[in-house]
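A.B. asks: target.txt (compact mmCIF, C-alpha atoms and all ligand atoms) pasted underneath:
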# COMPACT_ATOMS: atom_id res chain seq x y z
CA MET A 1 13.50 16.89 225.92
CA SER A 2 14.83 14.34 228.47
CA ALA A 3 17.36 11.53 228.12
CA ASP A 4 15.20 8.93 229.87
CA PRO A 5 12.84 7.52 227.22
CA ALA A 6 10.51 6.01 229.82
CA LYS A 7 9.95 9.23 231.73
CA LEU A 8 6.71 11.10 231.23
CA ARG A 9 7.79 14.67 230.58
CA LEU A 10 5.97 17.70 231.94
CA GLY A 11 5.71 20.81 229.82
CA VAL A 12 4.52 23.76 231.90
CA ASN A 13 2.38 26.24 230.00
CA ILE A 14 3.00 29.74 231.34
CA ASP A 15 0.37 31.59 229.27
CA HIS A 16 -1.78 32.51 232.22
CA VAL A 17 1.00 34.26 234.09
CA ALA A 18 0.92 36.57 231.09
CA THR A 19 -2.88 36.74 231.29
CA ILE A 20 -2.60 38.19 234.80
CA ARG A 21 0.16 40.57 233.73
CA ASN A 22 -1.87 41.81 230.79
CA ALA A 23 -4.94 42.43 232.96
CA ARG A 24 -3.10 45.54 234.22
CA GLY A 25 -0.56 46.16 231.48
CA GLY A 26 3.04 46.57 232.57
CA ASP A 27 5.54 43.81 233.23
CA LEU A 28 4.31 41.94 236.32
CA PRO A 29 3.97 39.07 236.96
CA ASP A 30 6.77 38.04 234.61
CA PRO A 31 6.11 34.81 232.67
CA VAL A 32 9.85 34.26 232.20
CA ARG A 33 10.30 34.20 235.98
CA ALA A 34 7.57 31.55 236.04
CA ALA A 35 9.53 29.54 233.49
CA HIS A 36 12.64 29.66 235.72
CA LEU A 37 10.60 28.51 238.72
CA ALA A 38 8.97 25.72 236.71
CA GLU A 39 12.42 24.54 235.69
CA ALA A 40 13.62 24.55 239.30
CA ALA A 41 10.54 22.52 240.25
CA GLY A 42 11.28 19.76 237.74
CA ALA A 43 9.50 20.79 234.53
CA ASP A 44 11.00 19.25 231.39
CA GLY A 45 9.91 22.00 229.05
CA ILE A 46 8.11 25.34 228.79
CA THR A 47 5.07 25.84 226.59
CA ALA A 48 3.79 29.22 225.45
CA HIS A 49 1.01 30.05 222.98
CA LEU A 50 1.61 33.17 220.93
CA ARG A 51 -1.94 33.95 219.87
CA GLU A 52 -2.79 36.07 216.89
CA ASP A 53 -4.43 38.64 219.21
CA ARG A 54 -1.48 38.50 221.73
CA ARG A 55 -3.98 38.21 224.57
CA HIS A 56 -1.42 36.63 226.89
CA ILE A 57 2.06 35.82 225.54
CA ARG A 58 3.70 38.68 223.60
CA ASP A 59 6.44 38.58 220.99
CA ALA A 60 8.96 39.91 223.51
CA ASP A 61 8.16 37.00 225.85
CA ILE A 62 9.13 34.52 223.15
CA GLU A 63 12.40 36.38 222.58
CA ARG A 64 13.20 36.30 226.29
CA LEU A 65 12.18 32.66 226.73
CA MET A 66 14.49 31.67 223.89
CA ALA A 67 17.36 33.75 225.32
CA GLU A 68 16.98 33.10 229.03
CA ILE A 69 15.53 29.63 229.55
CA ALA A 70 17.63 26.48 229.33
CA LEU A 71 14.59 24.19 228.97
CA PRO A 72 13.25 23.41 225.49
CA LEU A 73 10.51 25.79 224.37
CA ASN A 74 7.34 24.41 222.83
CA LEU A 75 5.76 27.27 220.88
CA GLU A 76 2.04 26.81 220.40
CA MET A 77 0.89 28.56 217.26
CA ALA A 78 -1.85 28.78 214.67
CA ALA A 79 -1.08 27.66 211.14
CA THR A 80 -0.66 31.18 209.76
CA ASP A 81 2.11 32.73 207.67
CA GLU A 82 2.86 35.22 210.44
CA MET A 83 3.35 32.49 213.06
CA VAL A 84 5.42 30.32 210.76
CA GLU A 85 7.78 33.26 210.13
CA ILE A 86 8.07 33.87 213.87
CA ALA A 87 8.82 30.19 214.53
CA LEU A 88 11.40 30.06 211.74
CA ARG A 89 13.07 33.19 213.12
CA HIS A 90 13.36 31.88 216.70
CA GLY A 91 13.84 28.17 216.04
CA PRO A 92 12.20 26.84 219.23
CA HIS A 93 12.69 23.17 220.14
CA ALA A 94 9.09 22.39 219.15
CA ALA A 95 6.08 24.03 217.52
CA CYS A 96 2.64 22.74 218.37
CA ILE A 97 0.12 23.70 215.72
CA VAL A 98 -3.30 24.45 217.17
CA PRO A 99 -6.56 25.66 215.68
CA GLU A 100 -7.27 29.22 216.73
CA ARG A 101 -10.53 31.12 216.76
CA ARG A 102 -10.51 34.71 217.92
CA ALA A 103 -13.70 34.45 219.95
CA GLU A 104 -12.73 31.31 221.88
CA ARG A 105 -11.58 31.53 225.48
CA THR A 106 -9.09 28.69 225.01
CA THR A 107 -8.23 26.13 222.32
CA GLU A 108 -11.63 24.48 222.15
CA GLY A 109 -11.06 21.60 219.77
CA GLY A 110 -8.35 19.78 217.88
CA LEU A 111 -6.80 20.80 214.59
CA ASP A 112 -8.46 19.35 211.49
CA ALA A 113 -5.22 17.83 210.22
CA ALA A 114 -7.06 15.33 208.01
CA GLY A 115 -9.17 18.00 206.29
CA GLY A 116 -6.42 20.60 206.00
CA GLN A 117 -3.55 18.64 204.50
CA SER A 118 -2.99 20.75 201.41
CA ARG A 119 -2.64 23.89 203.54
CA LEU A 120 -0.75 22.31 206.46
CA ALA A 121 1.74 20.03 204.72
CA PRO A 122 3.96 22.77 203.19
CA LEU A 123 3.99 24.71 206.42
CA ILE A 124 4.93 21.62 208.44
CA GLY A 125 7.67 20.90 205.91
CA ARG A 126 9.21 24.35 206.41
CA LEU A 127 9.24 23.98 210.19
CA VAL A 128 10.66 20.44 210.09
CA GLU A 129 13.36 21.57 207.66
CA ARG A 130 14.38 24.25 210.17
CA GLY A 131 14.89 21.48 212.77
CA ILE A 132 11.74 22.30 214.75
CA ARG A 133 9.84 19.34 216.16
CA VAL A 134 6.33 19.82 214.85
CA SER A 135 3.42 18.64 216.91
CA LEU A 136 -0.23 18.69 215.84
CA PHE A 137 -2.87 19.26 218.53
CA VAL A 138 -5.63 16.85 217.50
CA GLU A 139 -8.68 15.03 218.78
CA PRO A 140 -8.09 11.33 219.60
CA ASP A 141 -9.16 10.25 216.14
CA PHE A 142 -7.22 7.79 213.96
CA ALA A 143 -7.79 9.84 210.79
CA GLN A 144 -6.10 12.84 212.42
CA LEU A 145 -3.10 10.74 213.48
CA ASP A 146 -2.79 9.19 210.03
CA ALA A 147 -2.81 12.69 208.53
CA ALA A 148 0.02 13.73 210.88
CA VAL A 149 2.07 10.76 209.63
CA ALA A 150 1.25 11.55 206.01
CA MET A 151 2.39 15.16 206.44
CA GLY A 152 5.65 14.25 208.21
CA ALA A 153 4.79 15.69 211.62
CA PRO A 154 6.75 13.64 214.17
CA VAL A 155 4.52 14.42 217.17
CA VAL A 156 0.83 14.65 217.99
CA GLU A 157 -0.69 16.11 221.12
CA LEU A 158 -4.02 14.51 222.00
CA HIS A 159 -6.66 17.01 223.15
CA THR A 160 -7.87 15.86 226.58
CA GLY A 161 -10.35 18.73 226.97
CA ARG A 162 -13.45 16.76 226.01
CA TRP A 163 -12.61 14.01 228.50
CA CYS A 164 -12.08 16.60 231.27
CA ASP A 165 -15.40 18.29 230.44
CA LEU A 166 -17.28 14.97 230.58
CA LEU A 167 -15.74 14.20 233.97
CA ASP A 168 -16.67 17.66 235.26
CA ALA A 169 -20.24 17.16 234.03
CA GLY A 170 -20.46 13.87 235.96
CA ASP A 171 -21.02 11.90 232.74
CA VAL A 172 -19.23 8.76 233.92
CA GLU A 173 -20.04 6.62 230.86
CA GLY A 174 -19.25 9.35 228.38
CA ALA A 175 -15.96 10.08 230.15
CA GLU A 176 -15.01 6.40 230.11
CA ARG A 177 -15.75 6.18 226.37
CA GLU A 178 -13.58 9.23 225.79
CA ARG A 179 -10.78 7.83 227.98
CA LEU A 180 -10.80 4.66 225.88
CA ARG A 181 -10.71 6.76 222.72
CA LEU A 182 -7.65 8.59 224.10
CA ALA A 183 -5.96 5.31 225.06
CA GLU A 184 -6.62 3.77 221.63
CA ALA A 185 -5.40 6.89 219.88
CA ALA A 186 -2.21 6.88 221.99
CA ARG A 187 -1.58 3.25 221.03
CA HIS A 188 -2.34 3.88 217.35
CA GLY A 189 -0.11 6.96 217.27
CA ALA A 190 2.81 5.14 218.87
CA ALA A 191 2.34 2.17 216.53
CA CYS A 192 2.53 4.59 213.57
CA GLY A 193 5.84 5.94 214.88
CA LEU A 194 4.45 9.21 216.26
CA GLU A 195 5.59 10.63 219.57
CA VAL A 196 2.36 11.08 221.51
CA HIS A 197 1.71 13.96 223.90
CA ALA A 198 -1.50 15.01 225.63
CA GLY A 199 -2.93 18.08 227.26
CA HIS A 200 -5.71 20.51 228.02
CA GLY A 201 -7.76 20.78 231.18
CA LEU A 202 -5.53 18.47 233.26
CA THR A 203 -5.54 18.90 237.04
CA TYR A 204 -4.40 16.96 240.11
CA ALA A 205 -7.86 15.35 240.16
CA ASN A 206 -7.84 13.98 236.62
CA VAL A 207 -4.19 13.60 235.54
CA THR A 208 -3.60 10.03 236.75
CA PRO A 209 -5.49 8.01 234.09
CA ILE A 210 -3.86 10.04 231.31
CA ALA A 211 -0.38 9.83 232.86
CA ALA A 212 -0.87 6.07 233.17
CA MET A 213 -1.11 5.64 229.38
CA ALA A 214 2.30 4.15 228.63
CA GLU A 215 2.48 5.47 225.04
CA ILE A 216 2.10 9.09 226.15
CA ARG A 217 5.49 10.75 226.46
CA GLU A 218 4.64 14.29 227.50
CA LEU A 219 1.85 16.25 229.15
CA ASN A 220 1.43 19.98 228.63
CA ILE A 221 -0.37 21.62 231.53
CA GLY A 222 -1.03 25.29 232.23
CA HIS A 223 -4.21 26.76 233.61
CA PHE A 224 -4.52 24.52 236.66
CA LEU A 225 -0.85 24.86 237.63
CA ILE A 226 -0.91 28.64 237.47
CA GLY A 227 -4.20 28.75 239.40
CA GLU A 228 -2.89 26.39 242.08
CA ALA A 229 0.26 28.50 242.31
CA ILE A 230 -1.84 31.37 243.68
CA PHE A 231 -2.39 29.27 246.80
CA VAL A 232 0.80 27.23 247.19
CA GLY A 233 3.39 28.87 244.92
CA LEU A 234 4.47 27.72 241.49
CA GLU A 235 7.24 25.40 242.63
CA ALA A 236 4.88 23.50 244.91
CA SER A 237 2.15 23.33 242.29
CA VAL A 238 4.54 21.95 239.64
CA LYS A 239 6.14 19.50 242.09
CA GLY A 240 2.70 18.20 243.07
CA MET A 241 1.91 17.45 239.42
CA ARG A 242 5.30 15.86 238.89
CA ARG A 243 4.68 13.51 241.83
CA LEU A 244 1.28 12.44 240.50
CA MET A 245 2.69 11.86 237.02
CA ASP A 246 5.58 9.77 238.35
CA ALA A 247 3.26 7.76 240.60
CA ALA A 248 1.00 6.93 237.63
CA ARG A 249 3.81 5.27 235.61
N1 LIG B 1 -1.81 21.86 225.06
C1 LIG B 1 -2.29 22.71 224.13
C2 LIG B 1 -1.99 22.41 222.70
C3 LIG B 1 -3.04 23.85 224.49
O1 LIG B 1 -3.52 24.67 223.54
C4 LIG B 1 -3.23 24.12 225.85
C5 LIG B 1 -3.97 25.35 226.27
O2 LIG B 1 -3.26 26.46 225.90
C6 LIG B 1 -2.69 23.23 226.79
C7 LIG B 1 -2.00 22.10 226.37
C8 LIG B 1 -2.80 23.46 228.25
O3 LIG B 1 -4.12 23.43 228.66
P1 LIG B 1 -4.48 23.88 230.12
O4 LIG B 1 -4.10 25.32 230.24
O5 LIG B 1 -5.95 23.64 230.20
O6 LIG B 1 -3.68 23.03 231.07
Produce structure tokens that represent the structure in this file.
Ligand code: PXP

C.D. replies:
Amino acid sequence: MSADPAKLRLGVNIDHVATIRNARGGDLPDPVRAAHLAEAAGADGITAHLREDRRHIRDADIERLMAEIALPLNLEMAATDEMVEIALRHGPHAACIVPERRAERTTEGGLDAAGGQSRLAPLIGRLVERGIRVSLFVEPDFAQLDAAVAMGAPVVELHTGRWCDLLDAGDVEGAERERLRLAEAARHGAACGLEVHAGHGLTYANVTPIAAMAEIRELNIGHFLIGEAIFVGLEASVKGMRRLMDAAR
């Protein structure tokens, strides 16, 4: 995404602008407008999750993001034939493969890359061949990272949700154990030649220790930024995150 290899990139996930739009139907607020504002505020990329049930981002949003946004698009998607065809048709900069369960409110756990290699490897191969940078959204677990390497995925995104939940629950020891697990996974991933990203549940209050992990190259952040934007505007909310990320390096 960016020329400076040392810079920690910020991918802004705009899904929840679409969530608000879809609460009433119609076209407002427009997630593509949010993508433009995020770009103006210093985002390095835009992330959007086209879910099987289209609960937030719709197919037309992906078309418009590809046509109208200069920043690289990271398409989050389940490992289904339908989503692979959509990704191959649009050719986004990156595709982040996530597990998807219809009943979940958000992506609750990492992808079982290690257990699903026979199903995932051909699909990853097709995306990579199309020039799409494939990322696997996984728990901070060495076996998952090794599976990403084995399947030829160049990127992993470490799921920070468990760490955020432990912090929220006030479980200081558990959170510290999980932070160490994330740090070790980031080191292991980088040592294996993977580009390491992280995301899920990050806020101004918890981003610093994750942003401080030198091997992590990109954070993908959505829900908090869109929520904060209600109070301060999207540009200010993205700029605030950018400042914290830069200060942590
Ligand atoms: N990264 C991935 C792979 C995700 O699935 C999500 C949630 O859609 C995020 C990052 C962003 O999480 P949050 O909205 O909690 O910031």

A.B. asks: What's around Ala94 of chain A at 12 Å? Count all atoms listed in the file, leave out sequence neighbours fewer than 3 positions away in its own chain, and write the answer as a PyMOL selection string.

C.D. replies: chain A and resi 1+11+45-49+66+71-77+87-88+90-91+97+124+127-128+130-136+153-157

A.B. asks: Would you list the contacts of segment 204-209 of chain A as a list in words, taking every protein, DNA or RNA residue within 7 Å and counting all atoms listed in the file, but skipping same-chain residues closer than 2 positions in sequence?

C.D. replies: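 Once the nearby chain positions are removed, what remains is Leu202, Ala211, Ala212, Met213, Met241, Leu244, Met245 and Ala248 of chain A.
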
A.B. asks: Based on the selection just made, write C-alpha atoms of those residues as a PDB file, keeping the file's coordinate frame.

C.D. replies:
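Here's the written file part19.pdb:
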ATOM      1  CA  LEU A 202      -5.530  18.470 233.260  1.00  0.00           C
ATOM      2  CA  ALA A 211      -0.380   9.830 232.860  1.00  0.00           C
ATOM      3  CA  ALA A 212      -0.870   6.070 233.170  1.00  0.00           C
ATOM      4  CA  MET A 213      -1.110   5.640 229.380  1.00  0.00           C
ATOM      5  CA  MET A 241       1.910  17.450 239.420  1.00  0.00           C
ATOM      6  CA  LEU A 244       1.280  12.440 240.500  1.00  0.00           C
ATOM      7  CA  MET A 245       2.690  11.860 237.020  1.00  0.00           C
ATOM      8  CA  ALA A 248       1.000   6.930 237.630  1.00  0.00           C
TER       9      ALA A 248
END

A.B. asks: Rounded to one decimal place, report the atom CA of Ala40 of chain A-atom CA of Ile210 of chain A distance in Å.

C.D. replies: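 Taking atom CA of Ala40 of chain A and atom CA of Ile210 of chain A, their separation equals 24.1 Å.
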
A.B. asks: Using only C-alpha atoms, which residue out of A:Gly152, A:Pro31, A:Gly189, A:Gly174 lies closest to Val12 of chain A?

C.D. replies: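 Looking at the shortest contact to Val12 of chain A, the residue is A:Pro31.
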
A.B. asks: Mind listing the residues within 7 Å of ligand LIG 1 (chain B), only C-alpha atoms and all ligand atoms counted, as a PyMOL selection string?

C.D. replies: chain A and resi 13+49+76+96+98+106-107+137+157+198-202+220-224

A.B. asks: In Å, how far is it from atom CA of Ala103 of chain A to atom CA of Thr80 of chain A?

C.D. replies: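 Those two atoms sit 16.9 Å apart.
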
A.B. asks: Could you tell me which of A:Asp15, A:Glu129, A:Glu215, A:Glu68 comes closest to Gly227 of chain A if we count all atoms listed in the file?

C.D. replies: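 Going through A:Asp15, A:Glu129, A:Glu215, A:Glu68 one by one, the smallest distance to Gly227 of chain A is for A:Asp15.
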
A.B. asks: Got a sec: who's within 10 Å of Ala23 of chain A, counting only C-alpha atoms, leaving out chain neighbours fewer than 5 positions off, as a VMD selection string?

C.D. replies: chain A and resid 18 28 55 to 56

A.B. asks: Kindly give the distance, in Å, that separates atom CA of Glu178 of chain A and atom CA of Leu120 of chain A, rounded to a single decimal.

C.D. replies: 26.6 Å
